[in-house]
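Visitor: Just so it is clear, I am handing over start_29.pdb, which has PDB, C-alpha atoms.
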```pdb
ATOM      1  CA  MET A   1     -16.820  12.097  -3.352
ATOM      2  CA  GLN A   2     -13.683  13.725  -4.654
ATOM      3  CA  THR A   3     -14.370  14.466  -8.326
ATOM      4  CA  LYS A   4     -11.041  15.726  -9.628
ATOM      5  CA  ILE A   5      -8.898  12.637  -9.043
ATOM      6  CA  GLU A   6      -9.036  11.342 -12.607
ATOM      7  CA  LYS A   7      -8.670  14.738 -14.289
ATOM      8  CA  MET A   8      -4.970  15.470 -13.755
ATOM      9  CA  ASN A   9      -2.689  14.315 -16.564
ATOM     10  CA  VAL A  10       0.888  13.156 -16.049
ATOM     11  CA  ARG A  11       2.301  16.640 -16.609
ATOM     12  CA  ASP A  12      -0.085  18.072 -14.010
ATOM     13  CA  LEU A  13       0.876  15.343 -11.550
ATOM     14  CA  LYS A  14       4.587  15.960 -12.026
ATOM     15  CA  ASN A  15       4.040  19.673 -11.420
ATOM     16  CA  LEU A  16       2.100  18.852  -8.281
ATOM     17  CA  CYS A  17       4.988  16.687  -7.085
ATOM     18  CA  ILE A  18       7.365  19.613  -7.582
ATOM     19  CA  GLN A  19       5.057  21.967  -5.725
ATOM     20  CA  VAL A  20       4.578  19.518  -2.862
ATOM     21  CA  ARG A  21       8.337  19.177  -2.541
ATOM     22  CA  ARG A  22       8.649  22.967  -2.423
ATOM     23  CA  ASP A  23       6.000  23.012   0.303
ATOM     24  CA  VAL A  24       7.933  20.429   2.311
ATOM     25  CA  LEU A  25      11.223  22.284   2.099
ATOM     26  CA  ARG A  26       9.742  25.690   2.893
ATOM     27  CA  MET A  27       7.702  24.359   5.820
ATOM     28  CA  VAL A  28      10.652  22.619   7.462
ATOM     29  CA  ASN A  29      12.997  25.549   6.842
ATOM     30  CA  ASP A  30      10.542  28.060   8.282
ATOM     31  CA  ALA A  31       9.943  25.916  11.380
ATOM     32  CA  LYS A  32      13.667  25.160  11.679
ATOM     33  CA  SER A  33      12.732  21.550  12.408
ATOM     34  CA  GLY A  34      11.012  18.619  10.764
ATOM     35  CA  HIS A  35      11.649  15.617   8.563
ATOM     36  CA  PRO A  36      12.315  16.471   4.908
ATOM     37  CA  GLY A  37      14.113  13.309   3.728
ATOM     38  CA  GLY A  38      11.279  10.805   3.888
ATOM     39  CA  SER A  39       8.742  13.452   2.885
ATOM     40  CA  LEU A  40      10.591  14.174  -0.359
ATOM     41  CA  GLY A  41      10.988  10.467  -1.029
ATOM     42  CA  CYS A  42       7.284   9.687  -0.615
ATOM     43  CA  THR A  43       5.883  12.558  -2.659
ATOM     44  CA  GLU A  44       4.887  10.448  -5.682
ATOM     45  CA  TYR A  45       3.065   8.030  -3.394
ATOM     46  CA  PHE A  46       0.943  10.747  -1.793
ATOM     47  CA  VAL A  47       0.199  12.512  -5.067
ATOM     48  CA  SER A  48      -0.785   9.228  -6.716
ATOM     49  CA  LEU A  49      -2.940   8.115  -3.817
ATOM     50  CA  TYR A  50      -4.848  11.363  -3.359
ATOM     51  CA  GLN A  51      -5.091  12.417  -6.990
ATOM     52  CA  LYS A  52      -5.579   9.143  -8.872
ATOM     53  CA  VAL A  53      -6.481   6.229  -6.627
ATOM     54  CA  MET A  54      -8.293   6.916  -3.363
ATOM     55  CA  HIS A  55     -11.956   7.931  -3.140
ATOM     56  CA  TYR A  56     -12.779  10.527  -0.497
ATOM     57  CA  ASN A  57     -14.712  13.703   0.194
ATOM     58  CA  SER A  58     -12.427  16.610   1.008
ATOM     59  CA  ASN A  59     -15.301  19.097   1.172
ATOM     60  CA  LYS A  60     -17.219  17.292   3.917
ATOM     61  CA  PHE A  61     -14.581  15.599   6.049
ATOM     62  CA  SER A  62     -15.837  13.315   8.790
ATOM     63  CA  ILE A  63     -13.662  11.443  11.245
ATOM     64  CA  ASP A  64     -15.320   8.076  10.535
ATOM     65  CA  GLY A  65     -15.180   8.413   6.740
ATOM     66  CA  LYS A  66     -18.351   6.477   6.092
ATOM     67  CA  GLY A  67     -18.550   5.375   2.465
ATOM     68  CA  GLU A  68     -14.984   6.543   1.743
ATOM     69  CA  ASP A  69     -11.557   4.994   1.355
ATOM     70  CA  LEU A  70      -9.374   5.786   4.360
ATOM     71  CA  PHE A  71      -5.654   6.470   4.674
ATOM     72  CA  PHE A  72      -3.531   6.157   7.809
ATOM     73  CA  LEU A  73       0.019   7.493   8.045
ATOM     74  CA  SER A  74       1.928   5.281  10.445
ATOM     75  CA  ASN A  75       5.352   6.963  10.196
ATOM     76  CA  GLY A  76       3.905  10.280  11.293
ATOM     77  CA  HIS A  77       7.198  12.152  11.264
ATOM     78  CA  ILE A  78       6.836  12.683   7.488
ATOM     79  CA  SER A  79       3.925  14.991   8.252
ATOM     80  CA  PRO A  80       5.153  17.789   5.908
ATOM     81  CA  VAL A  81       4.312  15.828   2.749
ATOM     82  CA  TYR A  82       1.035  14.657   4.294
ATOM     83  CA  TYR A  83      -0.063  18.192   5.171
ATOM     84  CA  SER A  84       0.931  19.467   1.745
ATOM     85  CA  ILE A  85      -1.091  16.905  -0.207
ATOM     86  CA  LEU A  86      -4.096  17.354   2.087
ATOM     87  CA  ALA A  87      -4.039  21.100   1.504
ATOM     88  CA  ARG A  88      -3.434  20.706  -2.225
ATOM     89  CA  SER A  89      -6.346  18.222  -2.366
ATOM     90  CA  GLY A  90      -8.799  20.655  -0.785
ATOM     91  CA  PHE A  91      -9.022  19.516   2.840
ATOM     92  CA  PHE A  92      -7.918  22.911   4.145
ATOM     93  CA  SER A  93      -6.373  26.128   2.819
ATOM     94  CA  ILE A  94      -2.796  25.960   1.584
ATOM     95  CA  LYS A  95      -2.226  29.190   3.527
ATOM     96  CA  GLU A  96      -2.321  27.114   6.712
ATOM     97  CA  LEU A  97       0.889  25.349   5.669
ATOM     98  CA  SER A  98       2.718  28.447   6.889
ATOM     99  CA  THR A  99       1.777  27.514  10.473
ATOM    100  CA  PHE A 100       3.684  24.199  10.443
ATOM    101  CA  ARG A 101       5.087  23.361  13.905
ATOM    102  CA  LYS A 102       4.177  26.764  15.269
ATOM    103  CA  LEU A 103       2.532  27.356  18.643
ATOM    104  CA  ASN A 104      -1.191  26.460  18.621
ATOM    105  CA  SER A 105      -1.005  25.289  14.997
ATOM    106  CA  ARG A 106      -3.143  22.385  13.824
ATOM    107  CA  LEU A 107      -0.113  21.260  11.810
ATOM    108  CA  GLN A 108       2.037  19.767  14.533
ATOM    109  CA  GLY A 109       5.310  17.948  13.898
ATOM    110  CA  HIS A 110       3.437  14.672  14.128
ATOM    111  CA  PRO A 111      -0.199  14.576  12.976
ATOM    112  CA  SER A 112      -2.725  14.960  15.768
ATOM    113  CA  VAL A 113      -6.511  14.781  15.923
ATOM    114  CA  HIS A 114      -6.496  17.281  18.794
ATOM    115  CA  GLY A 115      -6.858  20.325  16.546
ATOM    116  CA  GLY A 116      -9.498  18.797  14.285
ATOM    117  CA  LEU A 117      -7.441  19.192  11.111
ATOM    118  CA  PRO A 118      -9.486  17.833   8.163
ATOM    119  CA  GLY A 119      -7.922  14.712   6.665
ATOM    120  CA  ILE A 120      -6.325  13.507   9.909
ATOM    121  CA  ARG A 121      -8.042  10.516  11.520
ATOM    122  CA  ILE A 122      -5.365   9.346  13.967
ATOM    123  CA  SER A 123      -2.530  10.861  15.936
ATOM    124  CA  SER A 124       0.631   9.187  14.678
ATOM    125  CA  GLY A 125       4.296   9.269  15.418
ATOM    126  CA  SER A 126       4.746   6.379  17.833
ATOM    127  CA  LEU A 127       6.064   3.964  15.231
ATOM    128  CA  GLY A 128       4.507   0.544  14.732
ATOM    129  CA  GLN A 129       0.906   1.391  15.529
ATOM    130  CA  GLY A 130      -0.513   2.373  12.139
ATOM    131  CA  MET A 131      -0.985  -1.133  10.792
ATOM    132  CA  SER A 132      -2.997  -2.269  13.807
ATOM    133  CA  ILE A 133      -5.214   0.805  13.489
ATOM    134  CA  SER A 134      -5.642   0.218   9.763
ATOM    135  CA  ILE A 135      -6.674  -3.391  10.316
ATOM    136  CA  GLY A 136      -9.275  -2.230  12.820
ATOM    137  CA  ALA A 137     -10.639   0.236  10.266
ATOM    138  CA  ALA A 138     -10.705  -2.459   7.584
ATOM    139  CA  LEU A 139     -12.658  -4.780   9.869
ATOM    140  CA  SER A 140     -15.092  -1.965  10.641
ATOM    141  CA  LYS A 141     -15.703  -1.418   6.932
ATOM    142  CA  LYS A 142     -16.519  -5.097   6.549
ATOM    143  CA  LEU A 143     -18.862  -5.081   9.549
ATOM    144  CA  ASN A 144     -20.623  -2.009   8.152
ATOM    145  CA  LYS A 145     -21.006  -3.707   4.753
ATOM    146  CA  GLU A 146     -18.905  -1.011   3.047
ATOM    147  CA  LEU A 147     -17.544  -3.615   0.696
ATOM    148  CA  SER A 148     -16.183  -1.183  -1.902
ATOM    149  CA  SER A 149     -14.166   0.897   0.570
ATOM    150  CA  ILE A 150     -10.430   0.277   0.903
ATOM    151  CA  ILE A 151      -8.035   1.078   3.741
ATOM    152  CA  TYR A 152      -4.553   2.340   2.860
ATOM    153  CA  SER A 153      -1.549   2.829   5.131
ATOM    154  CA  LEU A 154       2.069   3.916   4.748
ATOM    155  CA  HIS A 155       5.032   2.719   6.802
ATOM    156  CA  GLY A 156       8.746   3.418   6.862
ATOM    157  CA  ASP A 157      11.145   0.532   6.305
ATOM    158  CA  GLY A 158      12.885   1.342   9.581
ATOM    159  CA  GLU A 159       9.489   1.159  11.266
ATOM    160  CA  LEU A 160       9.477  -2.570  10.571
ATOM    161  CA  ASN A 161      11.902  -2.880  13.490
ATOM    162  CA  GLU A 162       8.833  -2.546  15.712
ATOM    163  CA  GLY A 163       7.387  -5.818  17.020
ATOM    164  CA  GLN A 164       3.798  -4.589  16.868
ATOM    165  CA  ILE A 165       4.079  -4.508  13.081
ATOM    166  CA  TRP A 166       4.672  -8.241  12.925
ATOM    167  CA  GLU A 167       1.805  -9.025  15.274
ATOM    168  CA  ALA A 168      -0.434  -7.040  12.926
ATOM    169  CA  VAL A 169       1.010  -8.747   9.844
ATOM    170  CA  LEU A 170       0.240 -12.156  11.369
ATOM    171  CA  TYR A 171      -3.301 -11.123  12.302
ATOM    172  CA  ALA A 172      -4.181  -9.567   8.942
ATOM    173  CA  GLY A 173      -3.043 -12.602   7.004
ATOM    174  CA  SER A 174      -4.744 -15.108   9.246
ATOM    175  CA  ARG A 175      -8.036 -13.168   9.231
ATOM    176  CA  LYS A 176      -7.922 -12.517   5.462
ATOM    177  CA  ILE A 177      -8.207  -8.729   5.755
ATOM    178  CA  ASP A 178      -8.504  -8.255   2.007
ATOM    179  CA  ASN A 179      -9.787  -4.668   1.897
ATOM    180  CA  TYR A 180      -6.430  -3.370   3.114
ATOM    181  CA  ILE A 181      -3.371  -2.134   1.170
ATOM    182  CA  ALA A 182      -0.244  -1.371   3.205
ATOM    183  CA  THR A 183       2.781   0.260   1.597
ATOM    184  CA  VAL A 184       6.340   0.175   2.903
ATOM    185  CA  ASP A 185       8.523   3.098   1.855
ATOM    186  CA  TYR A 186      11.733   1.183   1.238
ATOM    187  CA  ASN A 187      14.490   3.796   0.992
ATOM    188  CA  GLY A 188      17.063   1.836   2.978
ATOM    189  CA  GLN A 189      17.608   4.711   5.425
ATOM    190  CA  GLN A 190      16.566   5.430   8.990
ATOM    191  CA  ILE A 191      17.589   7.962  11.598
ATOM    192  CA  ASP A 192      20.619   6.038  12.889
ATOM    193  CA  GLY A 193      21.972   4.886   9.528
ATOM    194  CA  THR A 194      21.044   2.461   6.799
ATOM    195  CA  THR A 195      18.479  -0.242   7.510
ATOM    196  CA  ASP A 196      21.183  -2.842   6.869
ATOM    197  CA  GLU A 197      23.408  -1.264   9.509
ATOM    198  CA  VAL A 198      20.690  -0.872  12.132
ATOM    199  CA  LEU A 199      18.716  -4.105  11.693
ATOM    200  CA  PRO A 200      18.660  -5.885   8.311
ATOM    201  CA  LEU A 201      15.144  -6.549   7.019
ATOM    202  CA  GLY A 202      16.014  -9.582   4.937
ATOM    203  CA  ASN A 203      13.637 -10.677   2.195
ATOM    204  CA  LEU A 204      10.452  -8.707   2.884
ATOM    205  CA  ARG A 205       8.522 -10.324   0.059
ATOM    206  CA  LYS A 206       9.098 -13.825   1.398
ATOM    207  CA  LYS A 207       8.410 -12.750   4.961
ATOM    208  CA  PHE A 208       5.040 -11.167   4.167
ATOM    209  CA  GLU A 209       4.085 -13.987   1.812
ATOM    210  CA  SER A 210       4.796 -16.480   4.584
ATOM    211  CA  PHE A 211       2.183 -14.592   6.642
ATOM    212  CA  ASP A 212      -0.274 -15.085   3.754
ATOM    213  CA  TRP A 213      -0.142 -11.595   2.233
ATOM    214  CA  LYS A 214      -0.205 -10.695  -1.445
ATOM    215  CA  VAL A 215       3.016  -8.790  -2.153
ATOM    216  CA  LEU A 216       3.683  -6.359  -5.009
ATOM    217  CA  GLU A 217       6.946  -4.501  -5.627
ATOM    218  CA  GLU A 218       7.762  -1.314  -7.512
ATOM    219  CA  LEU A 219      11.429  -0.520  -8.033
ATOM    220  CA  GLU A 220      10.790   3.036  -9.290
ATOM    221  CA  GLY A 221       8.951   4.582  -6.376
ATOM    222  CA  ASN A 222       9.753   8.102  -7.558
ATOM    223  CA  ASN A 223       8.222   7.571 -10.998
ATOM    224  CA  ILE A 224       4.680   8.943 -10.826
ATOM    225  CA  GLU A 225       3.324   6.715 -13.589
ATOM    226  CA  LYS A 226       4.812   3.576 -12.052
ATOM    227  CA  VAL A 227       3.451   4.455  -8.615
ATOM    228  CA  ILE A 228      -0.058   5.030  -9.964
ATOM    229  CA  ASN A 229       0.096   1.703 -11.772
ATOM    230  CA  ILE A 230       1.231  -0.285  -8.719
ATOM    231  CA  LEU A 231      -1.470   1.296  -6.548
ATOM    232  CA  LYS A 232      -4.141   0.490  -9.120
ATOM    233  CA  LYS A 233      -2.792  -3.038  -9.468
ATOM    234  CA  ALA A 234      -2.988  -3.444  -5.698
ATOM    235  CA  LYS A 235      -6.547  -2.135  -5.729
ATOM    236  CA  ASN A 236      -7.468  -4.794  -8.276
ATOM    237  CA  GLU A 237      -6.165  -7.455  -5.876
ATOM    238  CA  THR A 238      -8.519  -6.481  -3.043
ATOM    239  CA  GLY A 239     -11.393  -8.794  -2.195
ATOM    240  CA  LYS A 240      -9.396 -11.928  -2.989
ATOM    241  CA  GLY A 241      -8.821 -13.210   0.527
ATOM    242  CA  LYS A 242      -5.444 -11.642   1.313
ATOM    243  CA  PRO A 243      -4.174  -8.306   2.662
ATOM    244  CA  ILE A 244      -1.877  -6.564   0.195
ATOM    245  CA  LEU A 245       1.603  -5.158   0.679
ATOM    246  CA  ILE A 246       3.338  -2.808  -1.737
ATOM    247  CA  ILE A 247       7.095  -2.594  -1.325
ATOM    248  CA  LEU A 248       7.849   0.810  -2.823
ATOM    249  CA  TYR A 249      11.530   1.468  -3.444
ATOM    250  CA  THR A 250      12.163   5.212  -3.124
ATOM    251  CA  GLN A 251      15.104   7.522  -2.523
ATOM    252  CA  MET A 252      15.241   9.588   0.627
ATOM    253  CA  GLY A 253      15.516  13.263  -0.260
ATOM    254  CA  TYR A 254      14.492  12.717  -3.876
ATOM    255  CA  GLY A 255      14.474  15.894  -5.975
ATOM    256  CA  VAL A 256      17.360  17.616  -4.180
ATOM    257  CA  ASP A 257      20.821  16.404  -5.170
ATOM    258  CA  PHE A 258      22.536  16.995  -1.826
ATOM    259  CA  MET A 259      19.759  15.229   0.106
ATOM    260  CA  VAL A 260      19.288  12.110  -2.037
ATOM    261  CA  GLY A 261      20.089   8.887  -0.201
ATOM    262  CA  ASN A 262      21.481  10.728   2.812
ATOM    263  CA  ASN A 263      19.987   9.719   6.151
ATOM    264  CA  ALA A 264      21.373  12.922   7.696
ATOM    265  CA  TRP A 265      18.254  14.573   6.211
ATOM    266  CA  HIS A 266      15.895  12.223   8.009
ATOM    267  CA  GLY A 267      15.152  14.889  10.585
ATOM    268  CA  LYS A 268      17.230  17.937   9.688
ATOM    269  CA  ALA A 269      15.924  21.290   8.491
ATOM    270  CA  PRO A 270      17.747  23.049   5.632
ATOM    271  CA  ASN A 271      19.136  26.480   6.440
ATOM    272  CA  LYS A 272      18.467  29.486   4.201
ATOM    273  CA  GLU A 273      21.317  28.785   1.790
ATOM    274  CA  GLU A 274      20.455  25.081   1.579
ATOM    275  CA  LEU A 275      16.820  25.992   0.969
ATOM    276  CA  ARG A 276      17.822  28.352  -1.822
ATOM    277  CA  LYS A 277      19.890  25.615  -3.504
ATOM    278  CA  ALA A 278      17.103  23.069  -3.084
ATOM    279  CA  LEU A 279      14.354  25.304  -4.463
ATOM    280  CA  TYR A 280      16.542  26.186  -7.447
ATOM    281  CA  GLN A 281      16.325  22.521  -8.415
ATOM    282  CA  LEU A 282      12.529  22.572  -8.002
ATOM    283  CA  PRO A 283      11.235  25.668  -9.838
ATOM    284  CA  GLU A 284       7.894  27.056  -8.708
ATOM    285  CA  THR A 285       4.986  25.816 -10.836
ATOM    286  CA  SER A 286       1.739  27.461 -11.907
ATOM    287  CA  LEU A 287       0.177  26.031  -8.741
ATOM    288  CA  GLY A 288       2.165  28.572  -6.745
ATOM    289  CA  ASP A 289       3.869  28.600  -3.357
ATOM    290  CA  TYR A 290       1.815  29.076  -0.238
ATOM    291  CA  PRO A 291       2.260  32.549   1.325
ATOM    292  CA  LEU A 292       4.420  32.860   4.413
ATOM    293  CA  LEU A 293       2.979  34.407   7.545
TER     294      LEU A 293
END
```
I need this file expressed as structure tokens, please.

Guide:
Amino acid sequence: MQTKIEKMNVRDLKNLCIQVRRDVLRMVNDAKSGHPGGSLGCTEYFVSLYQKVMHYNSNKFSIDGKGEDLFFLSNGHISPVYYSILARSGFFSIKELSTFRKLNSRLQGHPSVHGGLPGIRISSGSLGQGMSISIGAALSKKLNKELSSIIYSLHGDGELNEGQIWEAVLYAGSRKIDNYIATVDYNGQQIDGTTDEVLPLGNLRKKFESFDWKVLEELEGNNIEKVINILKKAKNETGKGKPILIILYTQMGYGVDFMVGNNAWHGKAPNKEELRKALYQLPETSLGDYPLL
């Protein structure tokens, strides 16, 4: 199992968040395409999950993850932050981040199992599918008597426009899938505008509770300590007969002043001058940047 997850203090975690954000920006700039907005907004979630909450073995990755907690990224377009935390958590060399979206790279724009990249268990990008897959994994853990293993998944708020999500929500609640923690990244932005403009989500807490889920909310989704606490609180609610939803309120583009809350950065790469301005706000840490090819 991963042995370093409880060793990083808050200062270390904040530095890791900065370095992950630098990775995201440099990867997308170098590829001249990608999705920086949601990646920057979800950084604290990924750092918290992989460094303080989830149990896994990064040295001996297996696709089935027997005896481990599993994570599934449903909104696969935020692959830059996912690749960064996997590399920074020891699944593969951080040098490989320089191949993002390049020809024959294992780090495609949307995660794929085709290249055998350690840490990736599903190909994702077609929105709405991740919750169904996660429920299947949670059921498998129960059938295999892996009662201490937990399934985690992440979803965009705009992704909740997909009907398959609500079929999965209904199923998980009715079947009491209580070894499953889903998180919705609630930044209020999607590719075509705000979530209220495109399709208002209404009261998510009441909706999920009506499907017999346990719902937790964290208003400060870019506060590393608060995110760790809500994930640990959710973990303590497993095994009690209900699937768990975390509504995590974040800011798209967090960490870069001209990207914050701006849906234009959902899928737009910064140019060289924009990258320079962004990285100035996120000084390189002792962890170091990955080398460019």

Visitor: Given the file above and the PyMOL selection byres ((chain A and resi 127) around 7), which residues are selected, and can you give them as a list in words?

Guide: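 What the PyMOL selection byres ((chain A and resi 127) around 7) grabs from the file is Ser74, Asn75, Gly125, Ser126, Gly128, Gln129 and Glu159 of chain A.
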
Visitor: Any chance you could export the current selection's C-alpha atoms as a PDB file, in the frame of the given file?

Guide:
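Result file is result13.pdb:
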```
ATOM      1  CA  SER A  74       1.928   5.281  10.445  1.00  0.00           C
ATOM      2  CA  ASN A  75       5.352   6.963  10.196  1.00  0.00           C
ATOM      3  CA  GLY A 125       4.296   9.269  15.418  1.00  0.00           C
ATOM      4  CA  SER A 126       4.746   6.379  17.833  1.00  0.00           C
ATOM      5  CA  GLY A 128       4.507   0.544  14.732  1.00  0.00           C
ATOM      6  CA  GLN A 129       0.906   1.391  15.529  1.00  0.00           C
ATOM      7  CA  GLU A 159       9.489   1.159  11.266  1.00  0.00           C
TER       8      GLU A 159
END
```

Visitor: CA of His35 (chain A) and CA of Gly255 (chain A), how far apart in Å?

Guide: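 A separation of 14.8 Å between them.
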
Visitor: For Glu209 (chain A), which residue out of A:Ser174, A:Asn179, A:Gln108, A:Asn236 is the nearest one, using only C-alpha atoms?

Guide: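 Of A:Ser174, A:Asn179, A:Gln108, A:Asn236, the one nearest Glu209 (chain A) is A:Ser174, counting only C-alpha atoms.
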
Visitor: List every protein, DNA or RNA residue with an atom no more than 10 Å from (9.3, 20.7, 6.4) in the file's coordinates, counting only C-alpha atoms, and format the result as a VMD selection string.

Guide: chain A and resid 21 to 37 39 to 40 78 to 81 83 to 84 97 100 to 101 109 267 to 270

Visitor: Would you export the selected residues with C-alpha atoms as a PDB file, in the frame of the given file, please?

Guide:
```
ATOM      1  CA  ARG A  21       8.337  19.177  -2.541  1.00  0.00           C
ATOM      2  CA  ARG A  22       8.649  22.967  -2.423  1.00  0.00           C
ATOM      3  CA  ASP A  23       6.000  23.012   0.303  1.00  0.00           C
ATOM      4  CA  VAL A  24       7.933  20.429   2.311  1.00  0.00           C
ATOM      5  CA  LEU A  25      11.223  22.284   2.099  1.00  0.00           C
ATOM      6  CA  ARG A  26       9.742  25.690   2.893  1.00  0.00           C
ATOM      7  CA  MET A  27       7.702  24.359   5.820  1.00  0.00           C
ATOM      8  CA  VAL A  28      10.652  22.619   7.462  1.00  0.00           C
ATOM      9  CA  ASN A  29      12.997  25.549   6.842  1.00  0.00           C
ATOM     10  CA  ASP A  30      10.542  28.060   8.282  1.00  0.00           C
ATOM     11  CA  ALA A  31       9.943  25.916  11.380  1.00  0.00           C
ATOM     12  CA  LYS A  32      13.667  25.160  11.679  1.00  0.00           C
ATOM     13  CA  SER A  33      12.732  21.550  12.408  1.00  0.00           C
ATOM     14  CA  GLY A  34      11.012  18.619  10.764  1.00  0.00           C
ATOM     15  CA  HIS A  35      11.649  15.617   8.563  1.00  0.00           C
ATOM     16  CA  PRO A  36      12.315  16.471   4.908  1.00  0.00           C
ATOM     17  CA  GLY A  37      14.113  13.309   3.728  1.00  0.00           C
ATOM     18  CA  SER A  39       8.742  13.452   2.885  1.00  0.00           C
ATOM     19  CA  LEU A  40      10.591  14.174  -0.359  1.00  0.00           C
ATOM     20  CA  ILE A  78       6.836  12.683   7.488  1.00  0.00           C
ATOM     21  CA  SER A  79       3.925  14.991   8.252  1.00  0.00           C
ATOM     22  CA  PRO A  80       5.153  17.789   5.908  1.00  0.00           C
ATOM     23  CA  VAL A  81       4.312  15.828   2.749  1.00  0.00           C
ATOM     24  CA  TYR A  83      -0.063  18.192   5.171  1.00  0.00           C
ATOM     25  CA  SER A  84       0.931  19.467   1.745  1.00  0.00           C
ATOM     26  CA  LEU A  97       0.889  25.349   5.669  1.00  0.00           C
ATOM     27  CA  PHE A 100       3.684  24.199  10.443  1.00  0.00           C
ATOM     28  CA  ARG A 101       5.087  23.361  13.905  1.00  0.00           C
ATOM     29  CA  GLY A 109       5.310  17.948  13.898  1.00  0.00           C
ATOM     30  CA  GLY A 267      15.152  14.889  10.585  1.00  0.00           C
ATOM     31  CA  LYS A 268      17.230  17.937   9.688  1.00  0.00           C
ATOM     32  CA  ALA A 269      15.924  21.290   8.491  1.00  0.00           C
ATOM     33  CA  PRO A 270      17.747  23.049   5.632  1.00  0.00           C
TER      34      PRO A 270
END
```

Visitor: May I have the protein, DNA and RNA residues with an atom at most 9 Å from (-5.1, -0.6, 9.4), counting all atoms listed in the file in the file's coordinates, returned as a list in words?

Guide: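 Selection result: Phe71, Phe72, Gln129, Gly130, Met131, Ser132, Ile133, Ser134, Ile135, Gly136, Ala137, Ala138, Leu139, Ile151, Tyr152, Ser153, Ala168, Tyr180, Ile181 and Ala182 of chain A.
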
Visitor: List the spatial neighbours of Thr183 (chain A) as a ChimeraX atom specification - criterion: any atom at most 9 Å away, all atoms listed in the file, same-chain residues fewer than 4 positions off excluded.

Guide: /A:152-156,244-248

Visitor: Apply the PyMOL selection byres ((chain A and resi 208) around 10) to the file shown and report the selected residues as a PyMOL selection string.

Guide: chain A and resi 166+169-170+173+203-207+209-215+243-245

Visitor: Residues near Tyr56 (chain A), anyone? I mean within 12 Å using all atoms listed in the file, not counting same-chain ones fewer than 2 positions away, as a ChimeraX atom specification.

Guide: /A:1-5,49-54,58-71,86,89-91,118-119,149-151

Visitor: Measuring between all atoms listed in the file, which one of A:Ile122, A:Ile94, A:Ile177, A:Leu199 shows the shortest distance to Leu293 (chain A)?

Guide: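 Checking each candidate against Leu293 (chain A), we get A:Ile94 as the closest.
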
Visitor: Do you know which residues are at most 12 Å from Val260 (chain A) counting all atoms listed in the file, after dropping those on the same chain fewer than 2 positions away, and could you put them as an MDAnalysis selection string?

Guide: chainID A and resid 36:41 187:189 222 250:258 262:266 278

Visitor: Report the centre and edge lengths, in Å to one decimal, of an axis-aligned box enclosing every atom of region 254-259 of chain A listed in the file, padded by 8 Å on each side, as lines of an AutoDock Vina configuration file.

Guide:
```
center_x = 18.5
center_y = 15.2
center_z = -2.9
size_x = 24.1
size_y = 20.9
size_z = 22.1
```

Visitor: Enter the distance from CA of Asp12 (chain A) to CA of Thr285 (chain A), in Å, rounded to one decimal.

Guide: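 One can read the CA of Asp12 (chain A) to CA of Thr285 (chain A) distance as 9.8 Å.
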
Visitor: Rounded to one decimal in Å, what is the spacing between CA of Leu117 (chain A) and CA of Tyr82 (chain A)?

Guide: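 Between CA of Leu117 (chain A) and CA of Tyr82 (chain A) the gap is 11.8 Å.
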
Visitor: What does the PyMOL selection byres ((chain A and resi 18) around 8) select in this file, as an MDAnalysis selection string?

Guide: chainID A and resid 14:17 19:22 282:285

Visitor: Using all atoms listed in the file, pick whichever of A:Arg106, A:Met8, A:Tyr186, A:Glu237 has the shortest atom-to-atom distance to Gly158 (chain A).

Guide: A:Tyr186

Visitor: Ranking A:Tyr249, A:Lys176, A:Asn57, A:Leu143 by minimum distance to Glu220 (chain A) and counting all atoms listed in the file, which one comes first?

Guide: A:Tyr249

Visitor: Restricting the calculation to all atoms listed in the file: of A:Lys95, A:Lys232, A:Arg276, A:Lys141, which residue gets closest to Pro291 (chain A)?

Guide: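 Once distances to Pro291 (chain A) are computed over all atoms listed in the file, the minimum belongs to A:Lys95.
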